[in-house]
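As stored in start-v5.txt (compact mmCIF, C-alpha atoms):
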```txt
# COMPACT_ATOMS: atom_id res chain seq x y z
CA MET A 1 -5.95 107.99 79.66
CA LYS A 2 -6.72 109.18 76.14
CA LYS A 3 -3.12 108.62 75.16
CA ILE A 4 -3.27 105.05 76.44
CA ASN A 5 -6.51 104.36 74.52
CA LEU A 6 -5.00 105.84 71.35
CA THR A 7 -1.91 103.66 71.71
CA GLY A 8 -4.11 100.61 72.24
CA ARG A 9 -6.15 101.36 69.12
CA VAL A 10 -2.98 101.81 67.04
CA TRP A 11 -1.62 98.51 68.35
CA LEU A 12 -4.91 96.75 67.65
CA LYS A 13 -5.07 98.16 64.14
CA THR A 14 -1.47 97.08 63.50
CA ALA A 15 -2.24 93.59 64.83
CA ASN A 16 -5.29 93.32 62.56
CA VAL A 17 -3.21 94.36 59.54
CA MET A 18 -0.53 91.80 60.43
CA THR A 19 -3.16 89.09 60.90
CA LYS A 20 -4.64 89.84 57.48
CA ARG A 21 -1.20 89.78 55.88
CA ILE A 22 -0.41 86.45 57.53
CA LYS A 23 -3.74 85.05 56.29
CA HIS A 24 -3.05 86.34 52.79
CA PHE A 25 0.45 84.85 52.91
CA PHE A 26 -0.85 81.44 53.95
CA LEU A 27 -3.60 81.56 51.32
CA LEU A 28 -0.99 82.44 48.72
CA LEU A 29 1.28 79.65 49.96
CA VAL A 30 -1.55 77.10 49.88
CA SER A 31 -2.53 78.28 46.39
CA ILE A 32 1.07 77.93 45.16
CA LEU A 33 1.37 74.46 46.70
CA LEU A 34 -1.97 73.45 45.18
CA VAL A 35 -0.95 74.69 41.72
CA CYS A 36 2.44 72.96 41.99
CA SER A 37 0.75 69.74 43.10
CA LEU A 38 -1.64 69.86 40.16
CA ILE A 39 1.27 70.47 37.77
CA ILE A 40 3.17 67.53 39.24
CA ILE A 41 0.13 65.27 39.01
CA ALA A 42 -0.48 66.34 35.40
CA TYR A 43 3.11 65.61 34.39
CA VAL A 44 3.25 62.27 36.21
CA GLU A 45 -0.05 61.15 34.68
CA GLN A 46 1.34 62.10 31.27
CA TRP A 47 4.40 59.91 31.92
CA ARG A 48 2.06 56.94 32.34
CA GLU A 49 1.30 57.03 28.61
CA THR A 50 4.08 54.91 27.12
CA GLU A 51 4.58 53.53 23.63
CA ALA A 52 3.09 50.17 24.64
CA GLY A 53 0.20 51.53 26.69
CA ILE A 54 -0.62 52.91 30.14
CA VAL A 55 1.64 51.83 33.00
CA PRO A 56 1.10 52.18 36.79
CA VAL A 57 2.12 55.51 38.25
CA LYS A 58 5.17 54.33 40.25
CA THR A 59 6.45 52.39 37.25
CA ALA A 60 5.92 55.47 35.06
CA VAL A 61 7.95 57.68 37.39
CA LEU A 62 10.88 55.26 37.59
CA LEU A 63 10.90 54.65 33.84
CA HIS A 64 10.86 58.40 33.22
CA ALA A 65 13.71 58.95 35.67
CA VAL A 66 15.93 56.30 34.07
CA ASN A 67 15.11 57.22 30.48
CA GLN A 68 15.74 60.93 31.12
CA ASN A 69 19.07 60.07 32.78
CA LEU A 70 17.89 61.63 36.03
CA VAL A 71 18.98 58.44 37.79
CA SER A 72 20.70 55.30 36.61
CA ALA A 73 19.17 51.83 36.83
CA ASP A 74 21.53 50.99 39.70
CA THR A 75 21.17 54.24 41.67
CA LYS A 76 20.84 53.63 45.39
CA ALA A 77 17.40 54.29 46.86
CA PRO A 78 16.94 57.40 49.07
CA LYS A 79 17.52 56.72 52.76
CA ILE A 80 13.84 57.28 53.57
CA PHE A 81 13.08 54.07 51.64
CA THR A 82 15.88 51.97 53.16
CA ARG A 83 16.22 50.32 56.51
CA SER A 84 18.91 51.38 58.90
CA GLY A 85 20.66 49.34 61.53
CA THR A 86 23.37 46.75 61.77
CA PRO A 87 23.07 43.98 59.17
CA PRO A 88 22.78 40.40 60.49
CA TYR A 89 25.72 39.25 58.35
CA ASN A 90 29.39 39.91 57.74
CA ARG A 91 30.43 40.73 54.18
CA GLU A 92 33.78 39.90 52.62
CA THR A 93 35.10 40.01 49.04
CA ILE A 94 37.76 37.45 48.12
CA HIS A 95 39.22 35.91 44.96
CA ILE A 96 38.92 32.22 44.14
CA PRO A 97 40.91 30.23 41.57
CA MET A 98 39.47 28.95 38.30
CA SER A 99 40.61 25.83 36.44
CA ASP A 100 42.25 27.91 33.68
CA GLY A 101 44.67 29.52 36.13
CA GLU A 102 42.80 32.82 36.48
CA ASP A 103 40.77 33.90 39.49
CA ILE A 104 37.50 35.73 39.98
CA PRO A 105 36.05 37.85 42.81
CA ILE A 106 33.20 36.57 44.92
CA ARG A 107 31.45 38.36 47.76
CA ILE A 108 30.39 36.29 50.75
CA TYR A 109 27.55 37.39 53.03
CA GLU A 110 27.90 35.20 56.13
CA PRO A 111 25.21 35.33 58.86
CA LYS A 112 26.41 36.38 62.30
CA ALA A 113 24.17 33.75 63.86
CA GLU A 114 25.54 30.33 64.63
CA GLY A 115 25.49 27.93 61.66
CA PRO A 116 25.55 25.85 59.63
CA HIS A 117 23.45 27.86 57.18
CA PRO A 118 22.02 27.09 53.73
CA ILE A 119 24.13 28.37 50.83
CA ILE A 120 22.77 30.53 47.98
CA LEU A 121 24.85 31.32 44.90
CA TYR A 122 23.74 34.58 43.27
CA TYR A 123 24.49 35.34 39.61
CA HIS A 124 24.03 38.99 38.67
CA GLY A 125 22.41 40.28 35.48
CA GLY A 126 23.89 42.71 33.00
CA ALA A 127 23.72 41.28 29.47
CA PHE A 128 26.89 39.18 29.95
CA MET A 129 28.93 42.29 29.09
CA GLU A 130 31.48 44.44 30.88
CA GLY A 131 29.97 47.71 32.08
CA TYR A 132 26.39 46.46 32.36
CA GLY A 133 26.38 44.58 35.65
CA ASN A 134 28.58 43.19 38.43
CA ILE A 135 28.46 42.25 42.10
CA ASP A 136 28.27 45.93 43.06
CA THR A 137 25.28 46.83 40.87
CA HIS A 138 23.26 43.97 42.39
CA ASP A 139 24.48 44.31 45.95
CA ASN A 140 21.12 45.55 47.25
CA ILE A 141 19.30 42.37 46.12
CA VAL A 142 21.98 40.12 47.60
CA ARG A 143 21.98 42.02 50.89
CA ALA A 144 18.22 41.58 51.13
CA LEU A 145 18.46 37.85 50.38
CA ALA A 146 21.15 37.44 53.02
CA SER A 147 19.15 39.36 55.64
CA ARG A 148 15.80 37.73 54.94
CA THR A 149 16.82 34.10 54.38
CA GLY A 150 19.48 33.82 57.07
CA SER A 151 21.60 31.96 54.52
CA VAL A 152 25.16 32.33 53.38
CA VAL A 153 24.86 34.17 50.07
CA ILE A 154 27.76 34.16 47.64
CA SER A 155 27.64 36.72 44.83
CA VAL A 156 29.74 35.54 41.90
CA ASP A 157 31.59 38.05 39.71
CA TYR A 158 31.97 35.75 36.70
CA ARG A 159 34.06 36.98 33.77
CA LEU A 160 32.30 38.96 31.06
CA ALA A 161 32.25 39.54 27.31
CA PRO A 162 33.62 40.76 25.01
CA GLU A 163 36.96 39.63 26.49
CA TYR A 164 35.49 36.36 27.72
CA ILE A 165 32.89 34.72 25.49
CA TYR A 166 30.65 31.73 26.15
CA PRO A 167 31.12 29.43 28.02
CA THR A 168 33.48 31.28 30.40
CA ALA A 169 30.66 32.84 32.46
CA VAL A 170 28.99 29.45 32.88
CA LYS A 171 32.22 27.65 33.79
CA ASP A 172 33.19 30.35 36.30
CA SER A 173 29.77 30.16 37.90
CA TYR A 174 29.78 26.37 38.16
CA GLU A 175 33.31 26.33 39.56
CA ALA A 176 32.21 28.91 42.14
CA LEU A 177 29.48 26.45 43.17
CA LEU A 178 32.07 23.67 43.52
CA TRP A 179 34.31 26.01 45.53
CA ALA A 180 31.41 26.87 47.85
CA VAL A 181 30.69 23.22 48.56
CA GLU A 182 34.36 22.37 49.17
CA ASN A 183 34.90 25.35 51.46
CA ALA A 184 31.50 25.44 53.19
CA ALA A 185 32.96 24.86 56.64
CA ALA A 186 35.07 28.03 56.36
CA PHE A 187 31.96 30.22 56.30
CA HIS A 188 29.63 27.96 58.32
CA GLY A 189 27.63 26.85 55.30
CA ASP A 190 25.62 23.66 54.88
CA PRO A 191 26.61 22.04 51.55
CA THR A 192 23.53 19.82 51.65
CA LYS A 193 21.28 22.87 51.30
CA LEU A 194 22.22 24.64 48.05
CA ALA A 195 20.29 27.05 45.84
CA VAL A 196 21.08 29.19 42.84
CA VAL A 197 19.49 32.56 42.10
CA GLY A 198 19.98 34.81 39.08
CA ASP A 199 18.37 37.72 37.30
CA SER A 200 18.19 38.38 33.55
CA SER A 201 21.48 37.13 32.05
CA GLY A 202 22.34 35.85 35.53
CA GLY A 203 19.13 33.83 35.38
CA ASN A 204 20.47 32.26 32.20
CA VAL A 205 23.72 31.43 34.00
CA ALA A 206 21.82 29.93 36.93
CA THR A 207 19.93 27.57 34.62
CA ALA A 208 23.22 26.45 33.05
CA VAL A 209 24.74 25.80 36.48
CA THR A 210 21.84 23.50 37.41
CA MET A 211 22.25 21.54 34.17
CA MET A 212 26.02 21.27 34.59
CA ALA A 213 25.55 19.97 38.14
CA ARG A 214 23.14 17.35 36.80
CA ASP A 215 25.23 16.38 33.76
CA GLN A 216 28.55 16.21 35.61
CA LYS A 217 27.08 14.52 38.68
CA GLY A 218 28.06 17.54 40.73
CA PRO A 219 26.53 18.94 43.92
CA GLU A 220 22.81 18.39 44.41
CA ILE A 221 21.05 21.75 44.13
CA THR A 222 17.91 22.09 46.23
CA ALA A 223 16.20 24.91 44.34
CA GLN A 224 16.63 27.58 41.69
CA THR A 225 15.06 31.04 41.56
CA LEU A 226 15.08 32.90 38.28
CA PHE A 227 14.18 36.58 37.98
CA TYR A 228 13.12 37.42 34.39
CA PRO A 229 15.71 35.07 32.84
CA LEU A 230 17.01 35.15 29.29
CA THR A 231 16.45 31.57 28.06
CA THR A 232 17.19 31.64 24.33
CA PHE A 233 19.51 33.40 21.91
CA LYS A 234 17.47 32.31 18.91
CA ASP A 235 15.36 34.72 16.87
CA ILE A 236 11.94 33.62 18.08
CA ALA A 237 8.89 35.81 17.53
CA PHE A 238 7.83 36.21 21.14
CA SER A 239 5.12 38.83 21.57
CA SER A 240 6.89 40.41 24.55
CA ARG A 241 10.10 40.83 22.55
CA GLU A 242 8.25 42.74 19.87
CA THR A 243 6.15 44.88 22.23
CA TYR A 244 8.68 45.93 24.88
CA ASP A 245 12.03 45.89 23.07
CA SER A 246 12.50 49.62 22.47
CA GLY A 247 14.62 50.11 25.56
CA TYR A 248 12.10 52.33 27.34
CA TYR A 249 11.33 49.39 29.64
CA LEU A 250 15.02 49.11 30.63
CA LEU A 251 16.02 46.41 28.13
CA SER A 252 16.29 47.03 24.40
CA ARG A 253 16.55 44.80 21.37
CA SER A 254 19.85 46.51 20.50
CA VAL A 255 21.35 45.54 23.88
CA MET A 256 20.07 41.97 23.51
CA GLU A 257 21.59 41.71 20.04
CA MET A 258 24.85 43.21 21.26
CA ALA A 259 24.93 40.71 24.13
CA ARG A 260 24.41 37.86 21.69
CA GLU A 261 27.11 39.21 19.36
CA HIS A 262 29.69 39.55 22.13
CA TYR A 263 28.80 36.60 24.38
CA THR A 264 27.85 34.02 21.73
CA PRO A 265 29.59 35.29 18.57
CA ASN A 266 29.16 31.98 16.71
CA GLU A 267 25.63 31.07 15.68
CA GLU A 268 26.28 27.43 16.60
CA MET A 269 26.44 28.55 20.23
CA TRP A 270 22.81 29.69 20.14
CA ASN A 271 21.60 26.08 20.09
CA LEU A 272 23.74 24.85 22.98
CA PRO A 273 21.78 23.97 26.15
CA TYR A 274 24.02 25.97 28.49
CA ALA A 275 23.45 29.08 26.34
CA SER A 276 19.81 28.60 25.33
CA PRO A 277 18.29 26.35 28.01
CA LEU A 278 14.82 26.72 26.51
CA HIS A 279 15.93 24.40 23.68
CA ALA A 280 17.83 21.84 25.75
CA ASP A 281 17.07 18.24 24.75
CA SER A 282 16.25 17.38 28.35
CA LEU A 283 15.27 19.42 31.37
CA LYS A 284 14.55 16.39 33.55
CA ASN A 285 16.00 15.93 37.03
CA LEU A 286 16.64 19.62 37.58
CA PRO A 287 15.95 21.35 40.91
CA ALA A 288 12.54 22.81 41.73
CA ALA A 289 12.18 26.29 40.27
CA LEU A 290 10.60 29.63 41.00
CA VAL A 291 10.36 31.69 37.81
CA ILE A 292 9.43 35.37 38.21
CA THR A 293 8.63 37.52 35.17
CA ALA A 294 7.48 41.09 34.54
CA GLU A 295 4.64 42.30 32.33
CA PHE A 296 6.61 45.06 30.55
CA ASP A 297 9.67 42.98 29.72
CA PRO A 298 10.94 41.66 26.37
CA LEU A 299 12.14 38.52 28.21
CA ARG A 300 8.72 37.79 29.73
CA ASP A 301 7.51 35.17 27.26
CA GLU A 302 10.73 33.16 27.06
CA GLY A 303 11.02 33.06 30.85
CA GLU A 304 7.48 31.74 31.13
CA ALA A 305 8.07 29.28 28.27
CA TYR A 306 11.10 27.93 30.13
CA GLY A 307 9.08 27.48 33.31
CA LYS A 308 6.46 25.55 31.37
CA ARG A 309 9.08 23.33 29.73
CA LEU A 310 10.59 22.57 33.14
CA ALA A 311 7.15 21.56 34.41
CA GLU A 312 6.54 19.36 31.36
CA SER A 313 9.83 17.63 32.18
CA GLY A 314 8.62 16.77 35.67
CA VAL A 315 10.30 19.61 37.56
CA PRO A 316 8.17 21.28 40.27
CA VAL A 317 7.67 24.88 39.10
CA LYS A 318 6.03 27.96 40.53
CA ALA A 319 5.82 30.76 37.96
CA ILE A 320 4.62 34.28 38.78
CA ARG A 321 4.15 37.20 36.41
CA TYR A 322 3.99 40.57 38.14
CA ASN A 323 1.84 42.92 36.11
CA GLY A 324 2.54 46.64 35.97
CA VAL A 325 6.33 46.39 36.21
CA MET A 326 9.32 46.35 33.89
CA HIS A 327 12.49 44.34 33.39
CA GLY A 328 14.78 44.58 36.42
CA PHE A 329 11.98 45.61 38.78
CA VAL A 330 13.32 43.55 41.69
CA SER A 331 16.37 45.83 41.77
CA PHE A 332 13.94 48.64 42.70
CA TYR A 333 12.43 46.70 45.61
CA GLU A 334 13.26 49.52 48.04
CA VAL A 335 10.93 51.94 46.23
CA MET A 336 8.56 49.55 44.41
CA ASP A 337 6.19 47.42 46.47
CA ARG A 338 5.91 44.91 43.65
CA GLY A 339 9.66 44.46 43.58
CA ASN A 340 9.58 43.87 47.33
CA TYR A 341 6.77 41.32 46.92
CA ALA A 342 8.79 39.41 44.33
CA LEU A 343 11.83 39.43 46.59
CA ASN A 344 9.80 38.19 49.55
CA GLU A 345 8.29 35.50 47.32
CA ALA A 346 11.81 34.32 46.48
CA VAL A 347 12.79 34.35 50.17
CA SER A 348 9.73 32.30 51.16
CA TYR A 349 10.31 29.87 48.32
CA LEU A 350 13.97 29.30 49.18
CA ASN A 351 13.31 28.94 52.90
CA GLU A 352 10.58 26.40 52.21
CA ALA A 353 12.88 24.49 49.84
CA PHE A 354 15.63 24.31 52.46
CA LEU A 355 13.08 22.81 54.88
CA GLY A 356 12.20 20.10 52.37
CA GLY A 357 9.20 21.67 50.67
CA ASN A 358 8.46 22.33 46.96
CA GLU A 359 9.30 18.81 45.75
CA ASN A 360 5.71 17.77 45.17
CA ARG A 361 4.41 21.09 43.93
CA GLN A 362 2.52 20.94 40.64
CA TYR A 363 3.04 23.53 37.89
CA ASN A 364 1.52 26.74 39.16
CA PHE A 365 1.37 29.86 37.00
CA ILE A 366 0.08 33.02 38.65
CA ILE A 367 -0.47 36.51 37.27
CA TYR A 368 -0.12 38.91 40.18
CA ASP A 369 -2.31 41.92 39.54
CA ASN A 370 -4.18 42.45 42.78
CA TYR A 371 -3.08 45.40 44.90
CA PRO A 372 -5.08 46.59 47.96
CA THR A 373 -6.59 50.08 47.81
CA ILE A 374 -4.55 51.46 50.71
CA GLU A 375 -1.36 50.15 49.18
CA ALA A 376 -2.29 51.59 45.77
CA LEU A 377 -2.90 55.01 47.36
CA LYS A 378 0.46 54.80 49.16
CA GLU A 379 2.23 53.96 45.89
CA ARG A 380 0.49 56.84 44.12
CA GLY A 381 1.42 59.31 46.85
CA GLU A 382 5.05 58.21 46.80
CA ALA A 383 5.07 58.38 43.00
CA TYR A 384 3.84 61.98 43.00
CA ALA A 385 6.43 62.91 45.64
CA ILE A 386 9.25 61.35 43.59
CA GLY A 387 7.78 62.93 40.46
CA GLY A 388 7.89 66.35 42.11
CA TYR A 389 11.52 65.82 43.04
CA LEU A 390 12.37 64.77 39.48
CA LEU A 391 10.56 67.76 37.98
CA GLY A 392 12.43 70.07 40.32
CA LYS A 393 15.68 68.43 39.30
CA GLN A 394 14.83 68.94 35.62
CA VAL A 395 13.92 72.59 36.18
CA VAL A 396 17.14 73.27 38.07
CA SER A 397 19.15 71.49 35.36
CA ALA A 398 17.44 73.43 32.58
CA PHE A 399 17.91 76.74 34.41
CA SER A 400 21.60 76.01 35.04
CA SER A 401 22.08 75.15 31.38
CA TRP A 402 20.38 78.38 30.29
CA TYR A 403 22.42 80.34 32.83
CA HIS A 404 25.63 78.90 31.43
CA HIS A 405 24.76 79.43 27.75
CA ALA A 406 23.57 82.96 28.51
CA GLY A 407 27.15 83.76 29.48
CA ILE A 408 26.40 84.56 33.13
CA PHE A 409 29.51 82.66 34.18
CA GLY A 410 31.67 84.40 31.60
CA ASN A 411 33.58 82.94 28.71
CA GLU A 412 35.91 80.07 29.51
```
Can I see the file as structure tokens?
Amino acid sequence: MKKINLTGRVWLKTANVMTKRIKHFFLLLVSILLVCSLIIIAYVEQWRETEAGIVPVKTAVLLHAVNQNLVSADTKAPKIFTRSGTPPYNRETIHIPMSDGEDIPIRIYEPKAEGPHPIILYYHGGAFMEGYGNIDTHDNIVRALASRTGSVVISVDYRLAPEYIYPTAVKDSYEALLWAVENAAAFHGDPTKLAVVGDSSGGNVATAVTMMARDQKGPEITAQTLFYPLTTFKDIAFSSRETYDSGYYLLSRSVMEMAREHYTPNEEMWNLPYASPLHADSLKNLPAALVITAEFDPLRDEGEAYGKRLAESGVPVKAIRYNGVMHGFVSFYEVMDRGNYALNEAVSYLNEAFLGGNENRQYNFIIYDNYPTIEALKERGEAYAIGGYLLGKQVVSAFSSWYHHAGIFGNE
């Protein structure tokens, strides 16, 4: 009996020691996690302090990631931020002929549902230059438009500078519109319901396509949607150009000047309406427009100036500036709520236009800067999580670099 009691006491003492060790381990683990969390928060909050002022936390994290080359501007979003499932469209890339004997690729997103469907021509951004943008870099936006509008969306891979200067991109894009109308039956499209959409330099191209359709008595375009469009090549002292042109906000003055040099190498081109639509003699009789701009964007002011000029010319215009975001923010719609809002705004606008709305809309300029508390907390939490991942990536990269230079891997 005494032996049994002794064994029991030893077991109990051992159990108490193990319990204390487990408690100490969990306390240590919680302390480590707390310290790491505070470090992450401190770093992320520091990233918010940019050269032009404080930016929202999610914007700060994404800007830091791109500027530190931890991700590229066209990196695909992590799967946790993307929707899974079978898309409601079929996608096909084909080549179509141009009037000069060459051909260009286009990518058609055709709804699986029975048609006919409205047709949207999408013109990608990328500074008009090879290596900066194409139908692949903007595929996520086009996929979202195709899924959410139920339209046929045609992404146009127009030819780029420096090999092809102005007006090749504009002519390619307009001829793609003509091709879409002539071949609408082949992909169950409705040629009476046409829209053009473009971002950045693609927004510039979209404006030119609408003017060419008007001037050449071409297809009637129902609506245009412009994401942060470039609207002038002239040296105009816009405040946004001077404040956000360093490149930290994903578009630099040097890239803009290089685009102008390669795409419009002759200064006479800068005044032409299909290159600088802001200075066109007439903007009358153009399709209703949705113009979306970003607060931290060198192109902000010229995009808004173009929307105002359209309205003054009698064109129904809805213009929205999204505060707290940078140039190209719609491309980040899978991880940025504000990018998703802008995309949904475009979807609603286009769907309404195809149903016959927007014609009588007066000029409406909105600054979107109201975000619910719950949503703001969600964005902050996601930002800290992404920030932690980025910090870990930087630490691993720095350690690997030190490891290599220390000669651990031997001399090569």
Within 12 Å of file point (1.5, 59.6, 44.8), counting all atoms listed in the file, expressed as a PDB file with C-alpha atoms, in the coordinates of the input:
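Output contents, as saved in out.pdb:
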```
ATOM      1  CA  SER A  37       0.750  69.740  43.100  1.00  0.00           C
ATOM      2  CA  LEU A  38      -1.640  69.860  40.160  1.00  0.00           C
ATOM      3  CA  ILE A  40       3.170  67.530  39.240  1.00  0.00           C
ATOM      4  CA  ILE A  41       0.130  65.270  39.010  1.00  0.00           C
ATOM      5  CA  ALA A  42      -0.480  66.340  35.400  1.00  0.00           C
ATOM      6  CA  VAL A  44       3.250  62.270  36.210  1.00  0.00           C
ATOM      7  CA  GLU A  45      -0.050  61.150  34.680  1.00  0.00           C
ATOM      8  CA  PRO A  56       1.100  52.180  36.790  1.00  0.00           C
ATOM      9  CA  VAL A  57       2.120  55.510  38.250  1.00  0.00           C
ATOM     10  CA  LYS A  58       5.170  54.330  40.250  1.00  0.00           C
ATOM     11  CA  THR A  59       6.450  52.390  37.250  1.00  0.00           C
ATOM     12  CA  ALA A  60       5.920  55.470  35.060  1.00  0.00           C
ATOM     13  CA  VAL A  61       7.950  57.680  37.390  1.00  0.00           C
ATOM     14  CA  ILE A 374      -4.550  51.460  50.710  1.00  0.00           C
ATOM     15  CA  GLU A 375      -1.360  50.150  49.180  1.00  0.00           C
ATOM     16  CA  ALA A 376      -2.290  51.590  45.770  1.00  0.00           C
ATOM     17  CA  LEU A 377      -2.900  55.010  47.360  1.00  0.00           C
ATOM     18  CA  LYS A 378       0.460  54.800  49.160  1.00  0.00           C
ATOM     19  CA  GLU A 379       2.230  53.960  45.890  1.00  0.00           C
ATOM     20  CA  ARG A 380       0.490  56.840  44.120  1.00  0.00           C
ATOM     21  CA  GLY A 381       1.420  59.310  46.850  1.00  0.00           C
ATOM     22  CA  GLU A 382       5.050  58.210  46.800  1.00  0.00           C
ATOM     23  CA  ALA A 383       5.070  58.380  43.000  1.00  0.00           C
ATOM     24  CA  TYR A 384       3.840  61.980  43.000  1.00  0.00           C
ATOM     25  CA  ALA A 385       6.430  62.910  45.640  1.00  0.00           C
ATOM     26  CA  ILE A 386       9.250  61.350  43.590  1.00  0.00           C
ATOM     27  CA  GLY A 387       7.780  62.930  40.460  1.00  0.00           C
ATOM     28  CA  GLY A 388       7.890  66.350  42.110  1.00  0.00           C
ATOM     29  CA  TYR A 389      11.520  65.820  43.040  1.00  0.00           C
TER      30      TYR A 389
END
```
Separation of CA of Thr207 in chain A from CA of Pro219 in chain A in Å: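 It comes out at 14.3 Å.
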Distance query Ala208 in chain A at most 10 Å, only C-alpha atoms, self and fewer than 5 positions along chain excluded, as a PyMOL selection string: chain A and resi 167+169-171+173-174+202-203+213-214+231+273-277
Length of the CA of Pro118 in chain A to CA of Glu352 in chain A vector [Å]: 11.6 Å
Residues near Glu114 in chain A, cut-off 12 Å, all atoms listed in the file, skip fewer than 6 positions along chain, as a ChimeraX atom specification: /A:88-89,150-152,187-190
Would you write out those residues with C-alpha atoms, as a compact mmCIF listing (two decimals), in the frame of the given file?
```
# COMPACT_ATOMS: atom_id res chain seq x y z
CA PRO A 88 22.78 40.40 60.49
CA TYR A 89 25.72 39.25 58.35
CA GLY A 150 19.48 33.82 57.07
CA SER A 151 21.60 31.96 54.52
CA VAL A 152 25.16 32.33 53.38
CA PHE A 187 31.96 30.22 56.30
CA HIS A 188 29.63 27.96 58.32
CA GLY A 189 27.63 26.85 55.30
CA ASP A 190 25.62 23.66 54.88
```
Nearest to Thr137 in chain A by atom-to-atom distance, counting only C-alpha atoms, from A:Asn285, A:Ser331, A:Asn266, A:Thr168: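 Looking at the shortest contact to Thr137 in chain A, the residue is A:Ser331.
Of the listed residues (A:Val396, A:Leu33, A:Ala161, A:Val347), A:Val347 comes nearest to Ser147 in chain A; the distances count all atoms listed in the file.
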Selected residue, from A:Met211, A:Leu63, A:Val17, A:Ile108, that lies nearest to Tyr249 in chain A when counting only C-alpha atoms: A:Leu63
Counting all atoms listed in the file, the residue of A:Met258, A:Ala146, A:Val325, A:Val197 that sits nearest Tyr123 in chain A: A:Val197
Coordinates-based distance that separates CA of Val291 in chain A from CA of Gly303 in chain A (Å, one decimal):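 Interatomic distance, CA of Gly303 in chain A to CA of Val291 in chain A: 7.1 Å.
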Ref. answer, residues at most 8 Å from (11.4, 18.8, 25.1) with all atoms listed in the file, as an mmCIF file with C-alpha atoms, keeping the file's coordinate frame:
```cif
data_model
loop_
_atom_site.group_PDB
_atom_site.id
_atom_site.type_symbol
_atom_site.label_atom_id
_atom_site.label_comp_id
_atom_site.auth_asym_id
_atom_site.auth_seq_id
_atom_site.Cartn_x
_atom_site.Cartn_y
_atom_site.Cartn_z
ATOM 1 C CA HIS A 279 15.930 24.400 23.680
ATOM 2 C CA ALA A 280 17.830 21.840 25.750
ATOM 3 C CA ASP A 281 17.070 18.240 24.750
ATOM 4 C CA SER A 282 16.250 17.380 28.350
ATOM 5 C CA LEU A 283 15.270 19.420 31.370
ATOM 6 C CA ARG A 309 9.080 23.330 29.730
ATOM 7 C CA GLU A 312 6.540 19.360 31.360
ATOM 8 C CA SER A 313 9.830 17.630 32.180
#
```
Using all atoms listed in the file: which of A:Asp301, A:Asp235, A:Asp337, A:Glu261 has the shortest distance to Met129 in chain A: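 Closest to Met129 in chain A, using all atoms listed in the file: A:Glu261.
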Minimum-distance residue to Ala259 in chain A, chosen among A:Gly198, A:Asp172, A:Phe238, A:Gly131 (using only C-alpha atoms): A:Gly131
6 Å contact set for Ala289 in chain A, all atoms listed in the file, chain neighbours under 4 positions out, as an MDAnalysis selection string: chainID A and resid 223:225 317
Spatial neighbours of Thr222 in chain A, 12 Å, only C-alpha atoms, chain gap at least 6 places, as number ranges by chain: A: 118-121, 190-197, 210, 213-214, 285-290, 315-316, 349-359
How would the residues just picked look written out with C-alpha atoms as a short mmCIF file (atom, residue, chain, number, x, y, z; two decimals), keeping the file's coordinate frame?
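Once written, part.cif looks like this:
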```cif
data_model
loop_
_atom_site.label_atom_id
_atom_site.label_comp_id
_atom_site.auth_asym_id
_atom_site.auth_seq_id
_atom_site.Cartn_x
_atom_site.Cartn_y
_atom_site.Cartn_z
CA PRO A 118 22.02 27.09 53.73
CA ILE A 119 24.13 28.37 50.83
CA ILE A 120 22.77 30.53 47.98
CA LEU A 121 24.85 31.32 44.90
CA ASP A 190 25.62 23.66 54.88
CA PRO A 191 26.61 22.04 51.55
CA THR A 192 23.53 19.82 51.65
CA LYS A 193 21.28 22.87 51.30
CA LEU A 194 22.22 24.64 48.05
CA ALA A 195 20.29 27.05 45.84
CA VAL A 196 21.08 29.19 42.84
CA VAL A 197 19.49 32.56 42.10
CA THR A 210 21.84 23.50 37.41
CA ALA A 213 25.55 19.97 38.14
CA ARG A 214 23.14 17.35 36.80
CA ASN A 285 16.00 15.93 37.03
CA LEU A 286 16.64 19.62 37.58
CA PRO A 287 15.95 21.35 40.91
CA ALA A 288 12.54 22.81 41.73
CA ALA A 289 12.18 26.29 40.27
CA LEU A 290 10.60 29.63 41.00
CA VAL A 315 10.30 19.61 37.56
CA PRO A 316 8.17 21.28 40.27
CA TYR A 349 10.31 29.87 48.32
CA LEU A 350 13.97 29.30 49.18
CA ASN A 351 13.31 28.94 52.90
CA GLU A 352 10.58 26.40 52.21
CA ALA A 353 12.88 24.49 49.84
CA PHE A 354 15.63 24.31 52.46
CA LEU A 355 13.08 22.81 54.88
CA GLY A 356 12.20 20.10 52.37
CA GLY A 357 9.20 21.67 50.67
CA ASN A 358 8.46 22.33 46.96
CA GLU A 359 9.30 18.81 45.75
#
```
Step by step: locate range 372-386 of chain A in the block above, keep C-alpha atoms, then write the file as an mmCIF file, in the first residue's frame.
```cif
data_model
loop_
_atom_site.group_PDB
_atom_site.id
_atom_site.type_symbol
_atom_site.label_atom_id
_atom_site.label_comp_id
_atom_site.auth_asym_id
_atom_site.auth_seq_id
_atom_site.Cartn_x
_atom_site.Cartn_y
_atom_site.Cartn_z
ATOM 1 C CA PRO A 372 -17.520 51.651 -42.434
ATOM 2 C CA THR A 373 -15.771 50.866 -39.149
ATOM 3 C CA ILE A 374 -16.062 47.084 -39.499
ATOM 4 C CA GLU A 375 -14.656 47.237 -43.001
ATOM 5 C CA ALA A 376 -11.809 49.500 -41.872
ATOM 6 C CA LEU A 377 -10.925 47.031 -39.094
ATOM 7 C CA LYS A 378 -10.991 44.155 -41.593
ATOM 8 C CA GLU A 379 -8.657 46.051 -43.939
ATOM 9 C CA ARG A 380 -6.305 46.844 -41.071
ATOM 10 C CA GLY A 381 -6.205 43.232 -39.909
ATOM 11 C CA GLU A 382 -5.496 41.984 -43.426
ATOM 12 C CA ALA A 383 -2.834 44.660 -43.861
ATOM 13 C CA TYR A 384 -1.010 43.577 -40.705
ATOM 14 C CA ALA A 385 -1.199 39.934 -41.797
ATOM 15 C CA ILE A 386 0.245 40.760 -45.230
#
```
